[in-house]
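J.: Here it is: the structure, laid out below.
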Amino acid sequence: MQAVHRHRAGAAPFKTGGYKANSRRIVSRRVLAQASTTVKKGQPDWTGDNVLSRLVNWAINTPPLYSVMKVLAKQAMKSSAESRGVSWDKHVQAMYSNKEVLALKEEFERSAVQYPDYYLKPFHAYDEGNLNWLAAFEVEPATYAMAIRTFKNEKSLTPEQAATKLRTGVTDSIKAYYKQHSLAAPNTIIDMGCSTGISTRWLAKEYPNADITGMDLSPHFLAVAEWEERRNPTSPKRIKYVRGLAEATGLPAASVDMLVFNFVIHECPQAAITDFITEGRRVVRPGGTLIFVDNNPKSKTIQNLPPPIFTLMKSTEPHSDEYYSFDVEAAMRAAGFREVVTTEADHRHRVVLGVAA
C-alpha cells in the first residue's frame, strides 16, 4: 500500500570500523550467500521479459481473465486469514459503521496533494488502489493474512503471533545493523507509506523515546491510523500522521534519523523508487539510515511459488516486473548511502539498509 513510510533522527556519524572502500558490495553478497533461504538468481522467472512472465502478463492484461484473477487473489488472502480465526468481513462491517473514522478523512484531505500516475492505477484488487474505504478497512485482516502465509507451516501461531514474528524479524535486522555500525538509537523516525499505521505503531513500541511520524498519500488510510492512535494512544510520545509524497516529502533537509519504507516499493515503478531514494538522501541526516522492507527477489519461497499463486499475486501488483528487476542497493549507493547491505527478515522478506554519508 503506497503509503510512504519511516525515519529516525539522532544517529551518530557513521564509523568505518576498518572497512575498505570496496567492501560494501562484498558484505552484501556475503549476507545473502550465507542465508539458506535465498538463491543466486536475481529475480523470479515469472517477472521480467522472459516467456513465462510475458504469458502471465498477457493473462493479466486480458480483461475477462483479470476480472476473475483479482477476485481469486482476494479470496486467497481471506481464506488464509479466516483459517486462523480472523473475522475479515465482521471487521470491515464494523469499520464502515465507524462515523469517527469517516469524519477524520476530511481532516487529511485539507492538505492538497497531486497524486502521481502510478498511485492511481488499480492494485491489490481495488480498482481505485488505496483511495477507497474498502482498501483501508481491509488492511488489518490482510496484514494478518500476509503473516499467516509467511509462517503457514507453523500452525500453532495465532494471527497476532504470526504478525509479531514477522515484525520482530524486521526490527531484529535493523537493530543488528545499528549495533554492527555503532549507530546511535534514532530520535526521529519517518514511517513512509505508513498505510493505516500498523507498522508505525510497531516502530513506536520498539523505539518509545523517538519522535515518530507516519506519512501516506491515502486520506482513507490515514483516517484509520489517526483513529487508532486516538483510541489507543502510543506512549510516551504520540505518533503524528501526515499526508504527503515519498518523492517530495516537504521535510527539512537532514532532519531525519531513520526513514523506513515498509512493504511499499514493490507497488511502485523504478522511476518512483529512484525518486524515493533521492529524496531520502536529502532528508536523512549524515549518520542516519534509509531502510526498505519488502519482498525478497532472491527468496527461494518467492522464486518457487506455484504458477497459480504467482499469477494471482502478480495480477494485483502492476509493477512487479520493475520491482523485482530493480537494484535497490546500487541506487542507494549512487545516491550517497554507505555500507548498503541486504539482510533477510524471514524466508520471504528482506531489509535493505544504508547510512547517509
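Ordering of the C-alpha cells sets the chain letters (A, B, ...), residue numbers begin anew at 1 in every chain, and ligands are numbered from 1 in the order given.
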Could you name the residues that touch His91 (chain A) at 9 Å or less, counting only C-alpha atoms, but leaving out those on the same chain fewer than 3 positions away, as a VMD selection string?
T.: chain A and resid 86 to 88 94 to 96 137 to 138 140 to 141
J.: Residues near Thr274 (chain A), anyone? I mean within 9 Å using only C-alpha atoms, not counting same-chain ones fewer than 3 positions away, as a count of residues only.
T.: 11
J.: Can you tell me, as a tab-separated table (two decimals) with all heavy atoms, in the first residue's frame, what residues are no more than 8 Å from Ala147 (chain A) when counting only C-alpha atoms, ignoring any on the same chain fewer than 6 positions away?
T.:
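To be explicit, this is the file written out as around02.tsv:
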```tsv
chain	number	residue	atom	x	y	z
A	159	PRO	N	-2.94	-15.43	14.62
A	159	PRO	CA	-2.67	-14.32	13.71
A	159	PRO	C	-1.79	-13.25	14.34
A	159	PRO	O	-0.87	-12.72	13.71
A	159	PRO	CB	-4.07	-13.78	13.39
A	159	PRO	CG	-4.96	-14.96	13.53
A	159	PRO	CD	-4.38	-15.74	14.68
A	162	ALA	N	1.81	-14.55	14.57
A	162	ALA	CA	2.46	-14.56	13.26
A	162	ALA	C	2.88	-13.15	12.86
A	162	ALA	O	3.99	-12.93	12.35
A	162	ALA	CB	1.53	-15.15	12.21
A	163	ALA	N	1.99	-12.17	13.09
A	163	ALA	CA	2.31	-10.79	12.76
A	163	ALA	C	3.48	-10.28	13.60
A	163	ALA	O	4.37	-9.58	13.10
A	163	ALA	CB	1.09	-9.90	12.97
A	166	LEU	N	6.74	-11.71	12.26
A	166	LEU	CA	7.17	-11.05	11.03
A	166	LEU	C	7.83	-9.70	11.35
A	166	LEU	O	8.92	-9.38	10.86
A	166	LEU	CB	5.98	-10.87	10.09
A	166	LEU	CG	6.28	-10.41	8.66
A	166	LEU	CD1	5.19	-10.92	7.71
A	166	LEU	CD2	6.37	-8.90	8.54
```
J.: May I have the residues within 6 Å of region 202-219 of chain A as a compact mmCIF listing (two decimals) with N, CA, C and O atoms, in the first residue's frame, using only C-alpha atoms and disregarding those fewer than 3 positions away in the same chain?
T.:
```txt
# COMPACT_ATOMS: atom_id res chain seq x y z
N ALA A 3 2.30 4.01 0.74
CA ALA A 3 2.00 4.66 1.95
C ALA A 3 3.12 5.56 2.28
O ALA A 3 2.99 6.44 3.06
N VAL A 4 4.24 5.34 1.80
CA VAL A 4 5.23 6.34 2.04
C VAL A 4 5.64 6.31 3.51
O VAL A 4 5.03 6.95 4.31
N HIS A 5 6.69 5.52 3.92
CA HIS A 5 6.86 5.14 5.35
C HIS A 5 8.12 5.59 6.08
O HIS A 5 8.29 5.79 6.65
N LYS A 105 -11.27 11.47 7.68
CA LYS A 105 -10.78 11.55 6.32
C LYS A 105 -10.77 13.00 5.83
O LYS A 105 -9.83 13.43 5.14
N PHE A 108 -7.63 15.03 6.75
CA PHE A 108 -6.42 14.80 5.97
C PHE A 108 -6.55 15.31 4.54
O PHE A 108 -5.54 15.58 3.89
N LEU A 131 -7.23 4.49 -2.66
CA LEU A 131 -8.10 5.65 -2.46
C LEU A 131 -9.56 5.23 -2.30
O LEU A 131 -10.45 5.70 -3.00
N ASN A 187 16.35 9.28 17.02
CA ASN A 187 15.44 10.18 17.74
C ASN A 187 14.24 10.58 16.88
O ASN A 187 13.19 10.92 17.41
N THR A 188 14.44 10.56 15.56
CA THR A 188 13.36 10.96 14.64
C THR A 188 13.18 9.87 13.60
O THR A 188 14.13 9.53 12.88
N ILE A 189 11.98 9.35 13.51
CA ILE A 189 11.68 8.25 12.59
C ILE A 189 10.50 8.64 11.71
O ILE A 189 9.48 9.13 12.21
N ILE A 190 10.64 8.40 10.42
CA ILE A 190 9.52 8.57 9.48
C ILE A 190 9.14 7.22 8.91
O ILE A 190 9.97 6.52 8.35
N ASP A 191 7.89 6.86 9.10
CA ASP A 191 7.34 5.63 8.52
C ASP A 191 6.67 6.04 7.21
O ASP A 191 5.54 6.52 7.21
N MET A 192 7.38 5.84 6.12
CA MET A 192 6.92 6.33 4.83
C MET A 192 6.02 5.30 4.16
O MET A 192 6.37 4.14 4.03
N GLY A 193 4.84 5.75 3.73
CA GLY A 193 3.86 4.82 3.21
C GLY A 193 3.28 4.03 4.36
O GLY A 193 3.16 2.80 4.33
N CYS A 194 2.90 4.75 5.41
CA CYS A 194 2.54 4.12 6.68
C CYS A 194 1.23 3.36 6.64
O CYS A 194 0.89 2.66 7.58
N SER A 199 2.53 -0.62 10.95
CA SER A 199 3.99 -0.61 11.07
C SER A 199 4.45 0.56 11.93
O SER A 199 5.46 0.47 12.64
N LEU A 222 -4.97 7.11 6.32
CA LEU A 222 -4.56 7.98 7.41
C LEU A 222 -5.68 8.19 8.43
O LEU A 222 -5.42 8.31 9.63
N ALA A 223 -6.90 8.20 7.96
CA ALA A 223 -8.03 8.34 8.88
C ALA A 223 -8.09 7.16 9.84
O ALA A 223 -8.32 7.33 11.05
N ILE A 239 2.18 9.37 18.13
CA ILE A 239 2.52 9.32 16.71
C ILE A 239 1.80 10.45 15.98
O ILE A 239 0.62 10.72 16.23
N LYS A 240 2.50 11.07 15.07
CA LYS A 240 1.90 12.11 14.22
C LYS A 240 1.71 11.54 12.83
O LYS A 240 2.62 10.94 12.25
N TYR A 241 0.52 11.74 12.26
CA TYR A 241 0.24 11.27 10.91
C TYR A 241 0.03 12.46 9.99
O TYR A 241 -0.70 13.41 10.32
N VAL A 242 0.69 12.41 8.83
CA VAL A 242 0.58 13.49 7.86
C VAL A 242 0.41 12.91 6.46
O VAL A 242 0.82 11.78 6.18
N ARG A 243 -0.17 13.71 5.61
CA ARG A 243 -0.38 13.31 4.22
C ARG A 243 0.73 13.90 3.36
O ARG A 243 1.02 15.11 3.44
N GLY A 244 1.37 13.07 2.56
CA GLY A 244 2.46 13.58 1.76
C GLY A 244 3.02 12.56 0.80
O GLY A 244 2.67 11.37 0.85
```
J.: Ranking A:Lys300, A:Lys74, A:His220, A:Arg201 by minimum distance to Leu104 (chain A) and counting only C-alpha atoms, which one comes first?
T.: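 Closest to Leu104 (chain A), using only C-alpha atoms: A:His220.
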J.: When you draw a straight line from CA of Glu100 (chain A) to CA of Leu134 (chain A), how long is it in Å?
T.: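 Atom-to-atom, CA of Glu100 (chain A) and CA of Leu134 (chain A) are spaced 15.9 Å apart.
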J.: Apply DSSP to the structure's backbone, then extract all residues of region 237-325 of chain A labelled helix (DSSP H, G or I) and return them as a ChimeraX atom specification.
T.: /A:265-267,270-283,300-303,307-315,320-325
J.: Please identify which residues in region 185-280 of chain A DSSP calls strand (DSSP E or B) from the backbone, and express them as a PyMOL selection string.
T.: chain A and resi 188-193+211-216+240-243+256-262
J.: Mind dumping the selected residues with N, CA and C atoms as a PDB file, in the first residue's frame?
T.:
```
ATOM      1  N   THR A 188      14.436  10.565  15.562  1.00  0.00           N
ATOM      2  CA  THR A 188      13.362  10.962  14.643  1.00  0.00           C
ATOM      3  C   THR A 188      13.179   9.874  13.596  1.00  0.00           C
ATOM      4  N   ILE A 189      11.976   9.349  13.513  1.00  0.00           N
ATOM      5  CA  ILE A 189      11.676   8.248  12.593  1.00  0.00           C
ATOM      6  C   ILE A 189      10.499   8.640  11.710  1.00  0.00           C
ATOM      7  N   ILE A 190      10.637   8.395  10.419  1.00  0.00           N
ATOM      8  CA  ILE A 190       9.524   8.574   9.480  1.00  0.00           C
ATOM      9  C   ILE A 190       9.137   7.217   8.913  1.00  0.00           C
ATOM     10  N   ASP A 191       7.885   6.861   9.101  1.00  0.00           N
ATOM     11  CA  ASP A 191       7.340   5.633   8.522  1.00  0.00           C
ATOM     12  C   ASP A 191       6.670   6.037   7.212  1.00  0.00           C
ATOM     13  N   MET A 192       7.381   5.843   6.123  1.00  0.00           N
ATOM     14  CA  MET A 192       6.919   6.332   4.826  1.00  0.00           C
ATOM     15  C   MET A 192       6.016   5.298   4.164  1.00  0.00           C
ATOM     16  N   GLY A 193       4.844   5.753   3.730  1.00  0.00           N
ATOM     17  CA  GLY A 193       3.858   4.817   3.210  1.00  0.00           C
ATOM     18  C   GLY A 193       3.281   4.026   4.364  1.00  0.00           C
ATOM     19  N   ASP A 211      10.636  10.461  18.229  1.00  0.00           N
ATOM     20  CA  ASP A 211       9.532  11.192  17.610  1.00  0.00           C
ATOM     21  C   ASP A 211       9.217  10.505  16.289  1.00  0.00           C
ATOM     22  N   ILE A 212       8.014   9.968  16.175  1.00  0.00           N
ATOM     23  CA  ILE A 212       7.664   9.143  15.018  1.00  0.00           C
ATOM     24  C   ILE A 212       6.516   9.768  14.243  1.00  0.00           C
ATOM     25  N   THR A 213       6.701   9.827  12.930  1.00  0.00           N
ATOM     26  CA  THR A 213       5.679  10.348  12.031  1.00  0.00           C
ATOM     27  C   THR A 213       5.358   9.295  10.987  1.00  0.00           C
ATOM     28  N   GLY A 214       4.075   9.083  10.745  1.00  0.00           N
ATOM     29  CA  GLY A 214       3.632   8.229   9.654  1.00  0.00           C
ATOM     30  C   GLY A 214       3.140   9.101   8.514  1.00  0.00           C
ATOM     31  N   MET A 215       3.678   8.877   7.316  1.00  0.00           N
ATOM     32  CA  MET A 215       3.289   9.669   6.150  1.00  0.00           C
ATOM     33  C   MET A 215       2.711   8.751   5.084  1.00  0.00           C
ATOM     34  N   ASP A 216       1.603   9.178   4.495  1.00  0.00           N
ATOM     35  CA  ASP A 216       0.958   8.382   3.460  1.00  0.00           C
ATOM     36  C   ASP A 216       0.199   9.316   2.524  1.00  0.00           C
ATOM     37  N   LYS A 240       2.499  11.070  15.068  1.00  0.00           N
ATOM     38  CA  LYS A 240       1.902  12.106  14.224  1.00  0.00           C
ATOM     39  C   LYS A 240       1.709  11.540  12.827  1.00  0.00           C
ATOM     40  N   TYR A 241       0.521  11.739  12.262  1.00  0.00           N
ATOM     41  CA  TYR A 241       0.239  11.270  10.908  1.00  0.00           C
ATOM     42  C   TYR A 241       0.031  12.463   9.986  1.00  0.00           C
ATOM     43  N   VAL A 242       0.686  12.413   8.834  1.00  0.00           N
ATOM     44  CA  VAL A 242       0.580  13.490   7.862  1.00  0.00           C
ATOM     45  C   VAL A 242       0.413  12.907   6.461  1.00  0.00           C
ATOM     46  N   ARG A 243      -0.171  13.712   5.613  1.00  0.00           N
ATOM     47  CA  ARG A 243      -0.380  13.315   4.222  1.00  0.00           C
ATOM     48  C   ARG A 243       0.726  13.904   3.363  1.00  0.00           C
ATOM     49  N   VAL A 256      16.040  13.870   9.516  1.00  0.00           N
ATOM     50  CA  VAL A 256      15.515  12.561   9.910  1.00  0.00           C
ATOM     51  C   VAL A 256      16.662  11.610  10.251  1.00  0.00           C
ATOM     52  N   ASP A 257      16.486  10.839  11.306  1.00  0.00           N
ATOM     53  CA  ASP A 257      17.490   9.832  11.677  1.00  0.00           C
ATOM     54  C   ASP A 257      17.240   8.497  10.981  1.00  0.00           C
ATOM     55  N   MET A 258      15.988   8.133  10.846  1.00  0.00           N
ATOM     56  CA  MET A 258      15.650   6.862  10.200  1.00  0.00           C
ATOM     57  C   MET A 258      14.429   7.059   9.312  1.00  0.00           C
ATOM     58  N   LEU A 259      14.578   6.707   8.059  1.00  0.00           N
ATOM     59  CA  LEU A 259      13.480   6.763   7.085  1.00  0.00           C
ATOM     60  C   LEU A 259      13.219   5.342   6.612  1.00  0.00           C
ATOM     61  N   VAL A 260      12.026   4.842   6.896  1.00  0.00           N
ATOM     62  CA  VAL A 260      11.712   3.441   6.619  1.00  0.00           C
ATOM     63  C   VAL A 260      10.527   3.325   5.668  1.00  0.00           C
ATOM     64  N   PHE A 261      10.677   2.476   4.672  1.00  0.00           N
ATOM     65  CA  PHE A 261       9.590   2.125   3.757  1.00  0.00           C
ATOM     66  C   PHE A 261       9.221   0.666   4.029  1.00  0.00           C
ATOM     67  N   ASN A 262       8.081   0.432   4.621  1.00  0.00           N
ATOM     68  CA  ASN A 262       7.628  -0.925   4.923  1.00  0.00           C
ATOM     69  C   ASN A 262       6.658  -1.425   3.860  1.00  0.00           C
TER      70      ASN A 262
END
```
J.: Which one is closest to Glu82 (chain A): A:Thr158, A:Asn295, A:Asn132, A:Thr150? Count only C-alpha atoms.
T.: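 Of A:Thr158, A:Asn295, A:Asn132, A:Thr150, the one nearest Glu82 (chain A) is A:Thr158, counting only C-alpha atoms.
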